[in-house]
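Raw model.pdb, PDB, C-alpha atoms:
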```
ATOM      1  CA  MET A 235      30.944  29.033 -50.571
ATOM      2  CA  GLU A 236      31.907  25.399 -50.892
ATOM      3  CA  MET A 237      31.992  23.269 -47.786
ATOM      4  CA  LYS A 238      34.587  20.524 -47.630
ATOM      5  CA  ASN A 239      32.953  17.290 -46.636
ATOM      6  CA  GLY A 240      36.100  15.942 -45.028
ATOM      7  CA  SER A 241      35.775  18.108 -41.900
ATOM      8  CA  LEU A 242      34.233  16.111 -39.069
ATOM      9  CA  ASN A 243      33.763  19.332 -37.044
ATOM     10  CA  GLU A 244      31.362  20.875 -39.551
ATOM     11  CA  GLU A 245      27.825  21.135 -38.201
ATOM     12  CA  PHE A 246      24.397  21.061 -39.819
ATOM     13  CA  LEU A 247      21.253  22.660 -38.444
ATOM     14  CA  PRO A 248      18.135  20.525 -39.055
ATOM     15  CA  LEU A 249      14.985  22.683 -39.006
ATOM     16  CA  GLY A 250      12.829  19.794 -37.808
ATOM     17  CA  LEU A 251       9.139  19.253 -38.520
ATOM     18  CA  THR A 252       7.734  22.631 -37.504
ATOM     19  CA  GLU A 253       8.502  25.989 -35.882
ATOM     20  CA  ASP A 254       5.127  26.267 -34.131
ATOM     21  CA  PRO A 255       5.707  25.877 -30.328
ATOM     22  CA  GLY A 256       2.198  24.542 -29.680
ATOM     23  CA  LEU A 257       2.416  22.025 -32.507
ATOM     24  CA  LYS A 258       5.848  20.944 -31.266
ATOM     25  CA  ILE A 259       4.350  19.910 -27.916
ATOM     26  CA  ILE A 260       1.585  17.929 -29.613
ATOM     27  CA  LEU A 261       4.058  16.210 -31.933
ATOM     28  CA  PHE A 262       6.415  15.464 -29.043
ATOM     29  CA  VAL A 263       3.670  13.663 -27.118
ATOM     30  CA  LEU A 264       2.491  11.855 -30.280
ATOM     31  CA  PHE A 265       5.935  10.582 -31.271
ATOM     32  CA  LEU A 266       6.826   9.684 -27.685
ATOM     33  CA  VAL A 267       3.689   7.517 -27.460
ATOM     34  CA  MET A 268       4.443   5.970 -30.865
ATOM     35  CA  TYR A 269       8.006   5.218 -29.796
ATOM     36  CA  MET A 270       6.926   3.609 -26.521
ATOM     37  CA  VAL A 271       4.326   1.483 -28.321
ATOM     38  CA  THR A 272       7.026   0.458 -30.808
ATOM     39  CA  LEU A 273       9.449  -0.591 -28.075
ATOM     40  CA  ILE A 274       6.847  -2.436 -25.989
ATOM     41  CA  GLY A 275       5.187  -4.227 -28.920
ATOM     42  CA  ASN A 276       8.384  -5.364 -30.620
ATOM     43  CA  THR A 277      10.153  -6.274 -27.362
ATOM     44  CA  ALA A 278       7.144  -8.359 -26.277
ATOM     45  CA  LEU A 279       7.135 -10.161 -29.630
ATOM     46  CA  ILE A 280      10.870 -10.945 -29.487
ATOM     47  CA  THR A 281      10.505 -12.192 -25.912
ATOM     48  CA  ALA A 282       7.541 -14.412 -26.811
ATOM     49  CA  TRP A 283       9.433 -15.828 -29.789
ATOM     50  CA  THR A 284      12.628 -16.598 -27.859
ATOM     51  CA  ARG A 285      10.903 -18.061 -24.779
ATOM     52  CA  ASN A 286       8.184 -20.154 -26.429
ATOM     53  CA  PRO A 287       9.381 -23.271 -28.327
ATOM     54  CA  HIS A 288       6.060 -23.445 -30.220
ATOM     55  CA  LEU A 289       6.984 -20.192 -31.966
ATOM     56  CA  HIS A 290      10.335 -21.508 -33.228
ATOM     57  CA  THR A 291       9.125 -21.683 -36.819
ATOM     58  CA  PRO A 292      10.333 -19.893 -39.997
ATOM     59  CA  MET A 293       7.484 -17.360 -39.866
ATOM     60  CA  TYR A 294       8.263 -16.258 -36.314
ATOM     61  CA  PHE A 295      11.998 -16.347 -37.009
ATOM     62  CA  PHE A 296      11.511 -13.682 -39.680
ATOM     63  CA  LEU A 297       9.047 -11.783 -37.483
ATOM     64  CA  GLY A 298      11.665 -11.766 -34.721
ATOM     65  CA  ASN A 299      14.161 -10.275 -37.172
ATOM     66  CA  LEU A 300      11.583  -7.692 -38.233
ATOM     67  CA  SER A 301      10.902  -6.715 -34.617
ATOM     68  CA  LEU A 302      14.609  -6.304 -33.876
ATOM     69  CA  LEU A 303      14.970  -4.288 -37.055
ATOM     70  CA  ASP A 304      12.009  -2.051 -36.144
ATOM     71  CA  ILE A 305      13.378  -1.374 -32.646
ATOM     72  CA  CYS A 306      16.741  -0.339 -34.108
ATOM     73  CA  PHE A 307      15.154   1.637 -36.979
ATOM     74  CA  SER A 308      12.870   3.602 -34.679
ATOM     75  CA  SER A 309      15.628   4.145 -32.092
ATOM     76  CA  SER A 310      17.983   5.530 -34.736
ATOM     77  CA  ILE A 311      15.527   8.304 -35.657
ATOM     78  CA  VAL A 312      12.753   9.011 -33.142
ATOM     79  CA  PRO A 313      14.860   9.942 -30.048
ATOM     80  CA  TYR A 314      16.718  12.562 -32.100
ATOM     81  CA  LEU A 315      13.396  13.800 -33.493
ATOM     82  CA  LEU A 316      12.038  14.147 -29.933
ATOM     83  CA  ALA A 317      15.137  16.119 -28.935
ATOM     84  CA  GLN A 318      14.590  18.439 -31.913
ATOM     85  CA  LEU A 319      11.012  19.095 -30.839
ATOM     86  CA  LEU A 320      12.234  20.174 -27.384
ATOM     87  CA  ALA A 321      15.037  22.441 -28.590
ATOM     88  CA  ARG A 322      16.812  23.261 -31.837
ATOM     89  CA  ARG A 323      19.954  21.143 -32.086
ATOM     90  CA  THR A 324      22.848  20.973 -34.511
ATOM     91  CA  ILE A 325      24.387  17.748 -35.772
ATOM     92  CA  SER A 326      28.013  17.253 -36.767
ATOM     93  CA  PHE A 327      29.095  16.073 -40.191
ATOM     94  CA  SER A 328      30.145  12.714 -38.735
ATOM     95  CA  GLY A 329      26.851  12.481 -36.818
ATOM     96  CA  CYS A 330      24.920  13.235 -40.002
ATOM     97  CA  ALA A 331      26.898  10.581 -41.879
ATOM     98  CA  ALA A 332      26.260   8.039 -39.113
ATOM     99  CA  GLN A 333      22.544   8.838 -39.032
ATOM    100  CA  MET A 334      22.269   8.550 -42.806
ATOM    101  CA  TYR A 335      24.140   5.236 -42.908
ATOM    102  CA  THR A 336      22.212   3.713 -39.993
ATOM    103  CA  SER A 337      18.773   4.703 -41.257
ATOM    104  CA  LEU A 338      19.627   3.504 -44.769
ATOM    105  CA  LEU A 339      21.019   0.218 -43.460
ATOM    106  CA  LEU A 340      17.911  -0.549 -41.438
ATOM    107  CA  GLY A 341      15.487   0.743 -44.072
ATOM    108  CA  ILE A 342      17.097  -1.233 -46.904
ATOM    109  CA  THR A 343      17.277  -4.365 -44.750
ATOM    110  CA  GLU A 344      13.559  -4.034 -44.021
ATOM    111  CA  CYS A 345      12.828  -3.749 -47.756
ATOM    112  CA  PHE A 346      14.570  -7.072 -48.360
ATOM    113  CA  LEU A 347      13.135  -8.714 -45.241
ATOM    114  CA  LEU A 348       9.521  -7.868 -46.117
ATOM    115  CA  ALA A 349      10.038  -9.538 -49.498
ATOM    116  CA  VAL A 350      11.498 -12.630 -47.809
ATOM    117  CA  MET A 351       8.537 -12.748 -45.399
ATOM    118  CA  ALA A 352       6.136 -12.573 -48.344
ATOM    119  CA  PHE A 353       7.964 -15.503 -49.939
ATOM    120  CA  ASP A 354       7.721 -17.427 -46.656
ATOM    121  CA  ARG A 355       3.938 -16.925 -46.575
ATOM    122  CA  TYR A 356       3.728 -17.861 -50.269
ATOM    123  CA  VAL A 357       5.486 -21.198 -49.655
ATOM    124  CA  ALA A 358       3.389 -21.879 -46.531
ATOM    125  CA  ILE A 359       0.069 -21.357 -48.329
ATOM    126  CA  VAL A 360       0.809 -22.550 -51.866
ATOM    127  CA  PHE A 361       3.112 -25.478 -50.953
ATOM    128  CA  PRO A 362       2.071 -26.437 -47.396
ATOM    129  CA  LEU A 363       3.282 -30.038 -47.640
ATOM    130  CA  ARG A 364       6.769 -28.992 -48.733
ATOM    131  CA  TYR A 365       6.994 -25.952 -46.449
ATOM    132  CA  THR A 366       9.329 -27.416 -43.811
ATOM    133  CA  VAL A 367      11.638 -28.783 -46.501
ATOM    134  CA  ILE A 368      11.837 -25.564 -48.535
ATOM    135  CA  MET A 369      12.052 -23.239 -45.521
ATOM    136  CA  SER A 370      14.566 -25.267 -43.515
ATOM    137  CA  THR A 371      16.567 -23.666 -40.710
ATOM    138  CA  PRO A 372      19.764 -23.186 -42.793
ATOM    139  CA  VAL A 373      17.713 -21.618 -45.604
ATOM    140  CA  CYS A 374      15.970 -19.204 -43.213
ATOM    141  CA  ILE A 375      19.254 -18.159 -41.582
ATOM    142  CA  THR A 376      20.851 -17.639 -44.994
ATOM    143  CA  MET A 377      17.940 -15.536 -46.260
ATOM    144  CA  ALA A 378      17.881 -13.351 -43.138
ATOM    145  CA  SER A 379      21.684 -12.940 -43.257
ATOM    146  CA  CYS A 380      21.503 -11.878 -46.915
ATOM    147  CA  CYS A 381      18.923  -9.217 -46.000
ATOM    148  CA  TRP A 382      21.191  -7.727 -43.328
ATOM    149  CA  LEU A 383      24.317  -8.019 -45.480
ATOM    150  CA  GLY A 384      22.546  -6.449 -48.460
ATOM    151  CA  GLY A 385      21.443  -3.555 -46.258
ATOM    152  CA  CYS A 386      25.001  -3.024 -44.983
ATOM    153  CA  VAL A 387      26.569  -2.995 -48.450
ATOM    154  CA  MET A 388      23.928  -0.879 -50.232
ATOM    155  CA  SER A 389      23.743   1.709 -47.436
ATOM    156  CA  LEU A 390      27.542   2.007 -47.318
ATOM    157  CA  LEU A 391      27.738   2.627 -51.057
ATOM    158  CA  GLU A 392      24.904   5.172 -51.091
ATOM    159  CA  THR A 393      26.217   7.046 -48.045
ATOM    160  CA  PHE A 394      29.785   7.205 -49.407
ATOM    161  CA  PHE A 395      28.579   8.335 -52.839
ATOM    162  CA  THR A 396      26.450  11.135 -51.317
ATOM    163  CA  LEU A 397      28.885  12.469 -48.732
ATOM    164  CA  LYS A 398      31.784  12.773 -51.159
ATOM    165  CA  LEU A 399      29.855  15.442 -53.127
ATOM    166  CA  PRO A 400      30.761  19.104 -52.371
ATOM    167  CA  LEU A 401      28.179  21.057 -50.360
ATOM    168  CA  CYS A 402      27.574  24.799 -50.665
ATOM    169  CA  GLY A 403      25.959  27.673 -48.813
ATOM    170  CA  ALA A 404      24.224  27.587 -45.453
ATOM    171  CA  LYS A 405      24.513  24.362 -43.493
ATOM    172  CA  VAL A 406      20.764  24.224 -42.863
ATOM    173  CA  ILE A 407      18.806  21.013 -43.444
ATOM    174  CA  ASN A 408      15.086  21.560 -43.949
ATOM    175  CA  HIS A 409      14.271  18.166 -42.472
ATOM    176  CA  PHE A 410      14.334  16.287 -39.171
ATOM    177  CA  LEU A 411      17.045  13.817 -40.227
ATOM    178  CA  CYS A 412      19.947  13.493 -42.642
ATOM    179  CA  GLU A 413      18.594  11.898 -45.804
ATOM    180  CA  ILE A 414      20.114  11.601 -49.253
ATOM    181  CA  PRO A 415      17.427  13.649 -51.112
ATOM    182  CA  THR A 416      17.730  16.459 -48.550
ATOM    183  CA  LEU A 417      21.523  16.671 -48.698
ATOM    184  CA  LEU A 418      21.527  16.555 -52.501
ATOM    185  CA  LYS A 419      19.681  19.888 -52.464
ATOM    186  CA  MET A 420      22.794  21.399 -50.845
ATOM    187  CA  VAL A 421      25.272  20.065 -53.425
ATOM    188  CA  CYS A 422      27.289  22.588 -55.481
ATOM    189  CA  VAL A 423      27.602  20.572 -58.686
ATOM    190  CA  ASP A 424      24.991  19.222 -61.057
ATOM    191  CA  ILE A 425      23.202  16.312 -59.361
ATOM    192  CA  PHE A 426      21.639  14.621 -62.399
ATOM    193  CA  ALA A 427      24.188  11.781 -62.323
ATOM    194  CA  SER A 428      23.668  11.404 -58.567
ATOM    195  CA  GLU A 429      19.911  11.216 -59.032
ATOM    196  CA  MET A 430      20.322   8.504 -61.649
ATOM    197  CA  VAL A 431      22.533   6.466 -59.302
ATOM    198  CA  ILE A 432      19.965   6.813 -56.499
ATOM    199  CA  PHE A 433      17.188   5.844 -58.905
ATOM    200  CA  ALA A 434      19.124   2.753 -60.008
ATOM    201  CA  ALA A 435      19.769   1.809 -56.386
ATOM    202  CA  ALA A 436      16.084   2.331 -55.582
ATOM    203  CA  ILE A 437      15.146  -0.143 -58.323
ATOM    204  CA  ILE A 438      17.258  -2.809 -56.590
ATOM    205  CA  VAL A 439      16.273  -1.882 -53.042
ATOM    206  CA  LEU A 440      12.632  -0.835 -53.428
ATOM    207  CA  LEU A 441      11.072  -1.659 -56.782
ATOM    208  CA  ILE A 442      12.279  -5.256 -57.175
ATOM    209  CA  PRO A 443      11.406  -6.302 -53.567
ATOM    210  CA  SER A 444       8.005  -4.578 -53.789
ATOM    211  CA  LEU A 445       7.213  -6.306 -57.095
ATOM    212  CA  PHE A 446       8.380  -9.640 -55.665
ATOM    213  CA  THR A 447       6.135  -9.062 -52.631
ATOM    214  CA  ALA A 448       3.177  -8.139 -54.855
ATOM    215  CA  ILE A 449       3.630 -11.275 -56.982
ATOM    216  CA  SER A 450       3.879 -13.462 -53.867
ATOM    217  CA  TYR A 451       0.675 -12.063 -52.387
ATOM    218  CA  THR A 452      -1.099 -12.316 -55.747
ATOM    219  CA  ARG A 453      -0.299 -16.036 -55.850
ATOM    220  CA  ILE A 454      -1.382 -16.327 -52.220
ATOM    221  CA  ILE A 455      -4.734 -14.662 -52.936
ATOM    222  CA  ILE A 456      -5.326 -16.917 -55.954
ATOM    223  CA  THR A 457      -4.721 -19.940 -53.722
ATOM    224  CA  ILE A 458      -6.996 -18.562 -50.992
ATOM    225  CA  VAL A 459      -9.854 -18.050 -53.460
ATOM    226  CA  ARG A 460      -9.797 -21.793 -54.161
ATOM    227  CA  ILE A 461     -10.284 -22.685 -50.492
ATOM    228  CA  ARG A 462     -13.693 -24.310 -50.086
ATOM    229  CA  SER A 463     -14.317 -23.302 -46.478
ATOM    230  CA  SER A 464     -15.711 -19.765 -46.391
ATOM    231  CA  GLU A 465     -14.550 -19.314 -42.779
ATOM    232  CA  ALA A 466     -10.986 -20.336 -43.576
ATOM    233  CA  ARG A 467     -11.033 -18.184 -46.709
ATOM    234  CA  LEU A 468     -12.248 -15.136 -44.773
ATOM    235  CA  LYS A 469      -9.590 -15.641 -42.097
ATOM    236  CA  ALA A 470      -6.826 -15.949 -44.698
ATOM    237  CA  PHE A 471      -8.032 -12.841 -46.540
ATOM    238  CA  SER A 472      -8.107 -10.892 -43.269
ATOM    239  CA  THR A 473      -4.502 -11.836 -42.512
ATOM    240  CA  CYS A 474      -3.265 -11.100 -46.041
ATOM    241  CA  SER A 475      -5.055  -7.749 -46.228
ATOM    242  CA  SER A 476      -3.425  -6.546 -43.009
ATOM    243  CA  HIS A 477      -0.006  -7.663 -44.257
ATOM    244  CA  LEU A 478      -0.584  -5.878 -47.557
ATOM    245  CA  ILE A 479      -1.502  -2.663 -45.740
ATOM    246  CA  ALA A 480       1.795  -2.787 -43.838
ATOM    247  CA  VAL A 481       3.989  -3.392 -46.878
ATOM    248  CA  THR A 482       2.053  -0.868 -48.988
ATOM    249  CA  ILE A 483       2.601   1.921 -46.443
ATOM    250  CA  PHE A 484       6.320   1.167 -46.235
ATOM    251  CA  TYR A 485       7.106   0.587 -49.914
ATOM    252  CA  SER A 486       4.867   3.298 -51.394
ATOM    253  CA  THR A 487       6.173   6.102 -49.162
ATOM    254  CA  ALA A 488       9.815   5.066 -49.611
ATOM    255  CA  ILE A 489       9.367   4.779 -53.396
ATOM    256  CA  SER A 490       7.740   8.220 -53.571
ATOM    257  CA  MET A 491      10.804   9.657 -51.795
ATOM    258  CA  TYR A 492      13.656   7.883 -53.565
ATOM    259  CA  MET A 493      12.291   7.203 -57.056
ATOM    260  CA  ARG A 494      11.651  10.784 -58.112
ATOM    261  CA  ARG A 495      13.915  13.727 -58.824
ATOM    262  CA  VAL A 496      15.108  15.695 -55.801
ATOM    263  CA  SER A 497      13.866  18.972 -57.290
ATOM    264  CA  LYS A 498      10.336  17.528 -57.476
ATOM    265  CA  ASN A 499      10.244  16.617 -53.774
ATOM    266  CA  PRO A 500       8.485  19.460 -51.875
ATOM    267  CA  GLU A 501      10.295  19.820 -48.548
ATOM    268  CA  ASN A 502       7.230  19.769 -46.278
ATOM    269  CA  LEU A 503       5.795  16.789 -48.146
ATOM    270  CA  SER A 504       9.154  15.006 -47.866
ATOM    271  CA  LYS A 505       9.045  15.368 -44.075
ATOM    272  CA  MET A 506       5.551  13.899 -43.915
ATOM    273  CA  ILE A 507       6.496  10.999 -46.175
ATOM    274  CA  ALA A 508       9.599  10.319 -44.061
ATOM    275  CA  VAL A 509       7.434  10.040 -40.925
ATOM    276  CA  PHE A 510       5.293   7.396 -42.635
ATOM    277  CA  TYR A 511       8.178   5.084 -43.514
ATOM    278  CA  THR A 512      10.422   5.702 -40.467
ATOM    279  CA  ALA A 513       8.152   6.041 -37.412
ATOM    280  CA  THR A 514       4.815   4.490 -38.398
ATOM    281  CA  PRO A 515       5.690   0.967 -39.714
ATOM    282  CA  PRO A 516       7.798  -0.018 -36.643
ATOM    283  CA  MET A 517       4.780   0.757 -34.453
ATOM    284  CA  LEU A 518       2.210  -1.001 -36.661
ATOM    285  CA  ASN A 519       4.178  -4.113 -37.641
ATOM    286  CA  PRO A 520       3.806  -6.008 -34.322
ATOM    287  CA  MET A 521       0.046  -5.395 -34.296
ATOM    288  CA  ILE A 522      -0.428  -6.262 -37.953
ATOM    289  CA  TYR A 523       1.866  -9.274 -38.230
ATOM    290  CA  SER A 524       1.764 -10.903 -34.823
ATOM    291  CA  LEU A 525      -0.317  -9.535 -31.977
ATOM    292  CA  ARG A 526      -3.550 -10.599 -33.721
ATOM    293  CA  ASN A 527      -2.228 -14.150 -33.947
ATOM    294  CA  LYS A 528      -3.680 -16.624 -31.427
ATOM    295  CA  ASP A 529      -0.330 -18.386 -30.888
ATOM    296  CA  VAL A 530       1.392 -15.102 -30.098
ATOM    297  CA  LYS A 531      -1.425 -13.993 -27.793
ATOM    298  CA  MET A 532      -1.194 -17.233 -25.840
ATOM    299  CA  ALA A 533       2.586 -16.901 -25.591
ATOM    300  CA  LEU A 534       2.304 -13.300 -24.374
ATOM    301  CA  GLN A 535      -0.280 -14.214 -21.760
ATOM    302  CA  LYS A 536       2.274 -16.519 -20.158
ATOM    303  CA  LEU A 537       4.818 -13.718 -19.855
ATOM    304  CA  THR A 538       5.146 -11.270 -16.982
ATOM    305  CA  PRO A 539       6.374  -7.664 -17.421
ATOM    306  CA  ARG A 540       9.680  -8.678 -15.805
ATOM    307  CA  GLN A 541      10.223 -11.412 -18.433
ATOM    308  CA  ILE A 542       9.532  -9.005 -21.266
ATOM    309  CA  PHE A 543      12.117  -6.433 -20.250
ATOM    310  CA  HIS A 544      14.777  -8.790 -18.824
TER     311      HIS A 544
END
```
What do you get writing this file as structure tokens?
Amino acid sequence: MEMKNGSLNEEFLPLGLTEDPGLKIILFVLFLVMYMVTLIGNTALITAWTRNPHLHTPMYFFLGNLSLLDICFSSSIVPYLLAQLLARRTISFSGCAAQMYTSLLLGITECFLLAVMAFDRYVAIVFPLRYTVIMSTPVCITMASCCWLGGCVMSLLETFFTLKLPLCGAKVINHFLCEIPTLLKMVCVDIFASEMVIFAAAIIVLLIPSLFTAISYTRIIITIVRIRSSEARLKAFSTCSSHLIAVTIFYSTAISMYMRRVSKNPENLSKMIAVFYTATPPMLNPMIYSLRNKDVKMALQKLTPRQIFH
């Protein structure tokens, strides 16, 4: 039976991560801890950036954007996931559409922002004397604005294109959130054209930024190799390797989800992959990008808990 997508009162039933009651408790505690670490780490970083004039540089400007993005990204998914682990809950058609649009907006924006941050590091290391000229305040604001605007436009197009397709059968989603690949499995008509559109969008949103990031870090590594001081070279490699781990986790898992045919995405594997690019990066990014930095540590040491959360 076909389901008309125009009805805002229609409800979906997400099956969540698991049906095992014992495993649900373990996962609830795990994701609650991850969410709290995400909020505390990213909030502390934003507070340190806004309150410390020494951190008002292009690098920390983009890191502040990333932290805000990670707080919103995690908050758009994890609280609903925690509610699912406590009790089975339905979600309305409009709620599903909102969740899909929000998660896409924030995820796509992060794809663009990570590429911009890689470019920022490339300019800082390869062209240190021209860094402040190239990465001026207007340029940084424009680049960050383009990331957010690109996320808004691309997510709107992808959400509209997906939700206008007719859905059939049981309104059961074998996932913990409304995602395009999951909903496409419920579509009545042939989805080959839809898959091609998603693949084309993924090239713009995922493949091009990831390649740009890879090229930037390759040039950075080549420059680092030429550094004469072994201590400085080791320090630079340590920083770059941690950054590469972060972007690899995010890009690789998202690419494996959106750049393959829906029919070839095993449902349980899709859930696991989704956890890696929705819940894990927002928790790891503050630790990988900033909390190991001496300037950030010094700024955080001057803050009290009241300053962080007010």
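Distances here use all atoms listed in the file; by that measure, the residue among A:Val267, A:Leu468, A:Leu418, A:Leu257 closest to Leu320 of chain A is A:Leu257.
For the pair atom CA of His477 of chain A and atom CA of Pro292 of chain A, the separation is 16.6 Å.
Put simply, the PyMOL selection byres ((chain A and resi 290) around 12) in this file takes in Ile280, Thr281, Ala282, Trp283, Thr284, Arg285, Asn286, Pro287, His288, Leu289, Thr291, Pro292, Met293, Tyr294, Phe295, Phe296, Leu297, Gly298, Ser370, Thr371, Cys374, Asp529, Val530 and Ala533 of chain A.
Here atom CA of Gly250 of chain A and atom CA of His409 of chain A stand 5.1 Å from one another.
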Residue by residue, what does the PyMOL selection byres ((chain A and resi 381) around 6) grab here? Present the result as a CSV table (one decimal) with C-alpha atoms, keeping the file's coordinate frame.
```csv
chain,number,residue,atom,x,y,z
A,343,THR,CA,17.3,-4.4,-44.8
A,346,PHE,CA,14.6,-7.1,-48.4
A,347,LEU,CA,13.1,-8.7,-45.2
A,378,ALA,CA,17.9,-13.4,-43.1
A,379,SER,CA,21.7,-12.9,-43.3
A,380,CYS,CA,21.5,-11.9,-46.9
A,382,TRP,CA,21.2,-7.7,-43.3
A,383,LEU,CA,24.3,-8.0,-45.5
A,384,GLY,CA,22.5,-6.4,-48.5
```
- Select, from A:Pro248, A:Gly385, A:Pro443, A:Pro313, the residue with the minimum atom-to-atom distance to Phe265 of chain A, counting only C-alpha atoms. A:Pro313
- Nearest to Asn502 of chain A: which of A:Glu244, A:Arg323, A:Asn408, A:Ser328 is it, counting only C-alpha atoms? A:Asn408
- Given the file above and the PyMOL selection byres ((chain A and resi 441) around 12), which residues are selected, and can you give them as a VMD selection string? chain A and resid 342 345 to 346 349 433 to 440 442 to 448 482 484 to 490 492 to 493
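Taking atom CA of Ala427 of chain A as the reference point, atom CA of Leu348 of chain A is found at 29.4 Å.
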Could you list, as a CSV table (one decimal) with C-alpha atoms, in the coordinates of the input, every residue within 12 Å of Ile325 of chain A, counting all atoms listed in the file and ignoring same-chain residues fewer than 5 positions away?
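The result, stored in part-v4.csv:
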```
chain,number,residue,atom,x,y,z
A,242,LEU,CA,34.2,16.1,-39.1
A,243,ASN,CA,33.8,19.3,-37.0
A,244,GLU,CA,31.4,20.9,-39.6
A,245,GLU,CA,27.8,21.1,-38.2
A,246,PHE,CA,24.4,21.1,-39.8
A,247,LEU,CA,21.3,22.7,-38.4
A,248,PRO,CA,18.1,20.5,-39.1
A,249,LEU,CA,15.0,22.7,-39.0
A,250,GLY,CA,12.8,19.8,-37.8
A,314,TYR,CA,16.7,12.6,-32.1
A,315,LEU,CA,13.4,13.8,-33.5
A,317,ALA,CA,15.1,16.1,-28.9
A,318,GLN,CA,14.6,18.4,-31.9
A,330,CYS,CA,24.9,13.2,-40.0
A,331,ALA,CA,26.9,10.6,-41.9
A,332,ALA,CA,26.3,8.0,-39.1
A,333,GLN,CA,22.5,8.8,-39.0
A,334,MET,CA,22.3,8.6,-42.8
A,405,LYS,CA,24.5,24.4,-43.5
A,406,VAL,CA,20.8,24.2,-42.9
A,407,ILE,CA,18.8,21.0,-43.4
A,410,PHE,CA,14.3,16.3,-39.2
A,411,LEU,CA,17.0,13.8,-40.2
A,412,CYS,CA,19.9,13.5,-42.6
```
- Message: Residues within 9 Å of Cys386 of chain A, please, as a list in words. Count only C-alpha atoms; anything in the same chain fewer than 6 positions from it doesn't count.
- Response: Tyr335, Thr336, Leu338, Leu339, Leu340, Ile342 and Thr343 of chain A
- Task: Would you list the contacts of segment 356-361 of chain A as a ChimeraX atom specification, taking every protein, DNA or RNA residue within 8 Å and counting all atoms listed in the file, but skipping same-chain residues closer than 4 positions in sequence?
- Result: /A:352,365,368,450-451,453-454,457
- Query: Quick one: residues within 8 Å of Leu303 of chain A, only C-alpha atoms counted, chain neighbours fewer than 3 positions away excluded, as an MDAnalysis selection string?
  - Reply: chainID A and resid 299:300 306:307 340 344
- Message: Please list as a ChimeraX atom specification every residue within 9 Å of Thr396 of chain A, counting all atoms listed in the file and excluding residues in the same chain fewer than 6 positions away.
- Response: /A:414,417-418,428
Complete segment 528-532 of chain A at the level of all heavy atoms, written as a short mmCIF file (atom, residue, chain, number, x, y, z; two decimals), in the coordinates of the input.
```
data_model
loop_
_atom_site.label_atom_id
_atom_site.label_comp_id
_atom_site.auth_asym_id
_atom_site.auth_seq_id
_atom_site.Cartn_x
_atom_site.Cartn_y
_atom_site.Cartn_z
N LYS A 528 -3.30 -15.91 -32.66
CA LYS A 528 -3.68 -16.62 -31.43
C LYS A 528 -2.47 -17.22 -30.71
O LYS A 528 -2.37 -17.18 -29.49
CB LYS A 528 -4.69 -17.72 -31.75
CG LYS A 528 -6.07 -17.21 -32.14
CD LYS A 528 -7.03 -18.37 -32.38
CE LYS A 528 -8.41 -17.86 -32.75
NZ LYS A 528 -9.36 -18.96 -33.01
N ASP A 529 -1.52 -17.79 -31.49
CA ASP A 529 -0.33 -18.39 -30.89
C ASP A 529 0.49 -17.34 -30.14
O ASP A 529 0.99 -17.60 -29.03
CB ASP A 529 0.54 -19.05 -31.96
CG ASP A 529 -0.14 -20.25 -32.59
OD1 ASP A 529 -1.00 -20.86 -31.92
OD2 ASP A 529 0.18 -20.58 -33.74
N VAL A 530 0.62 -16.17 -30.74
CA VAL A 530 1.39 -15.10 -30.10
C VAL A 530 0.66 -14.60 -28.85
O VAL A 530 1.28 -14.35 -27.81
CB VAL A 530 1.64 -13.94 -31.08
CG1 VAL A 530 2.34 -12.78 -30.38
CG2 VAL A 530 2.47 -14.41 -32.26
N LYS A 531 -0.65 -14.45 -28.95
CA LYS A 531 -1.42 -13.99 -27.79
C LYS A 531 -1.27 -14.95 -26.62
O LYS A 531 -1.09 -14.53 -25.47
CB LYS A 531 -2.91 -13.86 -28.17
CG LYS A 531 -3.22 -12.66 -29.05
CD LYS A 531 -4.72 -12.61 -29.34
CE LYS A 531 -5.06 -11.41 -30.21
NZ LYS A 531 -6.52 -11.37 -30.53
N MET A 532 -1.34 -16.25 -26.91
CA MET A 532 -1.19 -17.23 -25.84
C MET A 532 0.21 -17.18 -25.23
O MET A 532 0.38 -17.29 -24.01
CB MET A 532 -1.47 -18.64 -26.38
CG MET A 532 -2.94 -18.88 -26.75
SD MET A 532 -3.21 -20.53 -27.46
CE MET A 532 -2.73 -21.56 -26.08
#
```
